[in-house]
Amino acid sequence: MANNINHLLEAYRQLQRQPEDSVLATIIETFGSTYQKAGARMLITQTGELVGLLGGGCFERDLVEQAASVFETG
C-alpha cells in the first residue's frame with residue numbers, strides 16, 4: 001500500500017507541474033476477496049492515463065467511463 005501511495009504522490013507532483021484535470025478514485029469498502037482493500041487509490045487523468053490500479057482491468061474501464069462523466073459535468 002505504501003508503494004501505491006508513493007506512486008500517487010509522484011503522479012500528483014507531475015500533475016502540479018503540468019496541470020491537467022484528474023479524478024481520484026478511492027476504494028472505501030470491500031467485501032470478501034478483492035484485488036485491493038479499502039483506502040487504495042488511483043488517479044485518472046482527462047486524457048485517460050491511469051496511475052495505480054484498483055482491480056484487474058475491467059473495473060478500471062468502468063472507472064474511466066465514470067471519470068469522463070465527472071470531467072463533463074465538473
# chains A, B, ... in the order shown; residues from 1 in each chain; ligands from 1
>>> residues_around(residues="Lys37 in chain A", least_positions_apart="5", cutoff="10 Å", atoms="only C-alpha atoms", output="number ranges by chain")
A: 1, 26-32, 54
>>> write_last_selection(atoms="N, CA, C and O atoms", output="mmCIF file, in the first residue's frame")
data_model
loop_
_atom_site.group_PDB
_atom_site.id
_atom_site.type_symbol
_atom_site.label_atom_id
_atom_site.label_comp_id
_atom_site.auth_asym_id
_atom_site.auth_seq_id
_atom_site.Cartn_x
_atom_site.Cartn_y
_atom_site.Cartn_z
ATOM 1 N N MET A 1 0.821 -1.187 0.000
ATOM 2 C CA MET A 1 0.000 0.000 0.000
ATOM 3 C C MET A 1 0.872 1.260 0.000
ATOM 4 O O MET A 1 0.545 2.226 -0.672
ATOM 5 N N THR A 26 -11.134 6.186 -5.092
ATOM 6 C CA THR A 26 -10.721 5.594 -3.825
ATOM 7 C C THR A 26 -11.682 4.473 -3.441
ATOM 8 O O THR A 26 -12.898 4.654 -3.483
ATOM 9 N N ILE A 27 -11.138 3.331 -3.069
ATOM 10 C CA ILE A 27 -11.970 2.241 -2.557
ATOM 11 C C ILE A 27 -12.283 2.571 -1.109
ATOM 12 O O ILE A 27 -11.374 2.780 -0.299
ATOM 13 N N ILE A 28 -13.569 2.611 -0.791
ATOM 14 C CA ILE A 28 -13.945 2.954 0.576
ATOM 15 C C ILE A 28 -14.418 1.747 1.385
ATOM 16 O O ILE A 28 -14.403 1.787 2.612
ATOM 17 N N GLU A 29 -14.822 0.681 0.702
ATOM 18 C CA GLU A 29 -15.268 -0.504 1.423
ATOM 19 C C GLU A 29 -15.173 -1.710 0.497
ATOM 20 O O GLU A 29 -15.423 -1.597 -0.702
ATOM 21 N N THR A 30 -14.805 -2.853 1.054
ATOM 22 C CA THR A 30 -14.750 -4.088 0.269
ATOM 23 C C THR A 30 -15.426 -5.216 1.034
ATOM 24 O O THR A 30 -15.604 -5.147 2.250
ATOM 25 N N PHE A 31 -15.782 -6.255 0.295
ATOM 26 C CA PHE A 31 -16.367 -7.458 0.878
ATOM 27 C C PHE A 31 -15.685 -8.659 0.247
ATOM 28 O O PHE A 31 -15.501 -8.697 -0.964
ATOM 29 N N GLY A 32 -15.306 -9.617 1.042
ATOM 30 C CA GLY A 32 -14.697 -10.834 0.524
ATOM 31 C C GLY A 32 -13.309 -10.589 -0.040
ATOM 32 O O GLY A 32 -12.615 -9.642 0.311
ATOM 33 N N LEU A 54 -6.846 -0.430 -9.209
ATOM 34 C CA LEU A 54 -7.792 -0.821 -8.168
ATOM 35 C C LEU A 54 -8.351 -2.207 -8.391
ATOM 36 O O LEU A 54 -8.879 -2.825 -7.484
#
>>> select_by_dssp(residues="range 8-65 of chain A", states="strand (DSSP E)", output="number ranges by chain")
A: 22-26, 41-45, 50-51
>>> select_by_dssp(residues="chain A", states="helix (DSSP H, G or I)", output="ChimeraX atom specification")
/A:2-17,58-73
>>> write_last_selection(atoms="N, CA, C and O atoms", output="CSV table (one decimal), in the first residue's frame")
chain,number,residue,atom,x,y,z
A,2,ALA,N,2.0,1.2,0.7
A,2,ALA,CA,2.9,2.4,0.8
A,2,ALA,C,3.4,2.7,-0.6
A,2,ALA,O,3.5,3.9,-1.0
A,3,ASN,N,3.7,1.7,-1.4
A,3,ASN,CA,4.2,1.9,-2.7
A,3,ASN,C,3.1,2.5,-3.6
A,3,ASN,O,3.4,3.4,-4.4
A,4,ASN,N,1.9,2.2,-3.4
A,4,ASN,CA,0.8,2.8,-4.2
A,4,ASN,C,0.7,4.2,-3.8
A,4,ASN,O,0.5,5.1,-4.7
A,5,ILE,N,0.8,4.6,-2.5
A,5,ILE,CA,0.7,6.0,-2.1
A,5,ILE,C,1.8,6.8,-2.7
A,5,ILE,O,1.6,7.9,-3.2
A,6,ASN,N,3.0,6.2,-2.6
A,6,ASN,CA,4.2,6.9,-3.2
A,6,ASN,C,4.0,7.2,-4.7
A,6,ASN,O,4.4,8.3,-5.2
A,7,HIS,N,3.5,6.2,-5.4
A,7,HIS,CA,3.3,6.3,-6.8
A,7,HIS,C,2.2,7.4,-7.1
A,7,HIS,O,2.4,8.2,-8.0
A,8,LEU,N,1.2,7.5,-6.3
A,8,LEU,CA,0.2,8.5,-6.5
A,8,LEU,C,0.7,9.9,-6.1
A,8,LEU,O,0.4,10.9,-6.8
A,9,LEU,N,1.5,10.0,-5.1
A,9,LEU,CA,2.1,11.3,-4.7
A,9,LEU,C,3.0,11.8,-5.9
A,9,LEU,O,3.0,13.0,-6.2
A,10,GLU,N,3.8,10.9,-6.5
A,10,GLU,CA,4.6,11.3,-7.6
A,10,GLU,C,3.7,11.8,-8.8
A,10,GLU,O,4.0,12.8,-9.5
A,11,ALA,N,2.7,11.1,-9.1
A,11,ALA,CA,1.7,11.5,-10.1
A,11,ALA,C,1.1,12.8,-9.8
A,11,ALA,O,1.0,13.7,-10.7
A,12,TYR,N,0.8,13.0,-8.6
A,12,TYR,CA,0.2,14.3,-8.2
A,12,TYR,C,1.2,15.5,-8.4
A,12,TYR,O,0.9,16.5,-8.9
A,13,ARG,N,2.5,15.2,-8.1
A,13,ARG,CA,3.5,16.2,-8.3
A,13,ARG,C,3.6,16.5,-9.8
A,13,ARG,O,3.8,17.7,-10.2
A,14,GLN,N,3.6,15.5,-10.6
A,14,GLN,CA,3.7,15.7,-12.1
A,14,GLN,C,2.5,16.5,-12.6
A,14,GLN,O,2.7,17.4,-13.4
A,15,LEU,N,1.3,16.2,-12.0
A,15,LEU,CA,0.1,17.0,-12.5
A,15,LEU,C,0.2,18.4,-12.0
A,15,LEU,O,-0.3,19.3,-12.7
A,16,GLN,N,0.9,18.7,-10.9
A,16,GLN,CA,1.0,20.1,-10.5
A,16,GLN,C,1.9,20.9,-11.4
A,16,GLN,O,1.7,22.0,-11.7
A,17,ARG,N,3.0,20.2,-11.9
A,17,ARG,CA,3.9,20.8,-12.9
A,17,ARG,C,3.3,21.0,-14.2
A,17,ARG,O,3.6,22.0,-14.9
A,58,CYS,N,-11.0,-4.8,-15.9
A,58,CYS,CA,-12.4,-4.5,-16.3
A,58,CYS,C,-12.9,-3.3,-15.4
A,58,CYS,O,-13.6,-2.5,-15.9
A,59,PHE,N,-12.6,-3.4,-14.1
A,59,PHE,CA,-13.1,-2.4,-13.2
A,59,PHE,C,-12.5,-1.0,-13.6
A,59,PHE,O,-13.2,0.0,-13.5
A,60,GLU,N,-11.3,-1.0,-14.0
A,60,GLU,CA,-10.7,0.3,-14.4
A,60,GLU,C,-11.4,0.9,-15.6
A,60,GLU,O,-11.6,2.2,-15.7
A,61,ARG,N,-11.9,0.1,-16.6
A,61,ARG,CA,-12.6,0.7,-17.7
A,61,ARG,C,-13.9,1.3,-17.2
A,61,ARG,O,-14.3,2.4,-17.7
A,62,ASP,N,-14.6,0.7,-16.3
A,62,ASP,CA,-15.8,1.4,-15.7
A,62,ASP,C,-15.4,2.7,-15.0
A,62,ASP,O,-16.2,3.7,-15.2
A,63,LEU,N,-14.3,2.7,-14.3
A,63,LEU,CA,-13.9,3.9,-13.6
A,63,LEU,C,-13.6,5.1,-14.6
A,63,LEU,O,-13.9,6.2,-14.4
A,64,VAL,N,-12.9,4.7,-15.7
A,64,VAL,CA,-12.6,5.7,-16.8
A,64,VAL,C,-13.9,6.3,-17.3
A,64,VAL,O,-14.0,7.5,-17.5
A,65,GLU,N,-14.9,5.5,-17.5
A,65,GLU,CA,-16.2,6.0,-18.0
A,65,GLU,C,-16.8,6.9,-17.0
A,65,GLU,O,-17.4,8.0,-17.3
A,66,GLN,N,-16.8,6.5,-15.7
A,66,GLN,CA,-17.3,7.4,-14.7
A,66,GLN,C,-16.5,8.7,-14.6
A,66,GLN,O,-17.1,9.8,-14.4
A,67,ALA,N,-15.2,8.6,-14.7
A,67,ALA,CA,-14.4,9.8,-14.7
A,67,ALA,C,-14.7,10.7,-15.8
A,67,ALA,O,-14.7,12.0,-15.7
A,68,ALA,N,-15.0,10.2,-17.0
A,68,ALA,CA,-15.4,11.0,-18.2
A,68,ALA,C,-16.6,11.8,-17.8
A,68,ALA,O,-16.7,13.0,-18.2
A,69,SER,N,-17.6,11.2,-17.1
A,69,SER,CA,-18.8,11.9,-16.7
A,69,SER,C,-18.4,13.0,-15.8
A,69,SER,O,-19.0,14.1,-15.9
A,70,VAL,N,-17.5,12.8,-14.9
A,70,VAL,CA,-17.1,13.9,-13.9
A,70,VAL,C,-16.4,15.0,-14.7
A,70,VAL,O,-16.7,16.2,-14.4
A,71,PHE,N,-15.6,14.7,-15.7
A,71,PHE,CA,-14.9,15.7,-16.4
A,71,PHE,C,-16.0,16.6,-17.2
A,71,PHE,O,-15.8,17.8,-17.3
A,72,GLU,N,-17.0,15.9,-17.7
A,72,GLU,CA,-18.0,16.6,-18.5
A,72,GLU,C,-18.9,17.5,-17.6
A,72,GLU,O,-19.2,18.6,-18.0
A,73,THR,N,-19.2,17.1,-16.4
A,73,THR,CA,-20.1,17.8,-15.6
A,73,THR,C,-19.4,18.7,-14.6
A,73,THR,O,-20.0,19.6,-14.0
>>> atom_distance(atom1="CA of Gln36 in chain A", atom2="CA of Val23 in chain A")
18.2 Å
>>> residues_around(residues="Thr47 in chain A", least_positions_apart="3", cutoff="9 Å", atoms="only C-alpha atoms", output="list in words")
Glu20, Asp21, Ser22 and Ile44 of chain A
>>> atom_distance(atom1="CA of Leu43 in chain A", atom2="CA of Pro19 in chain A")
13.5 Å
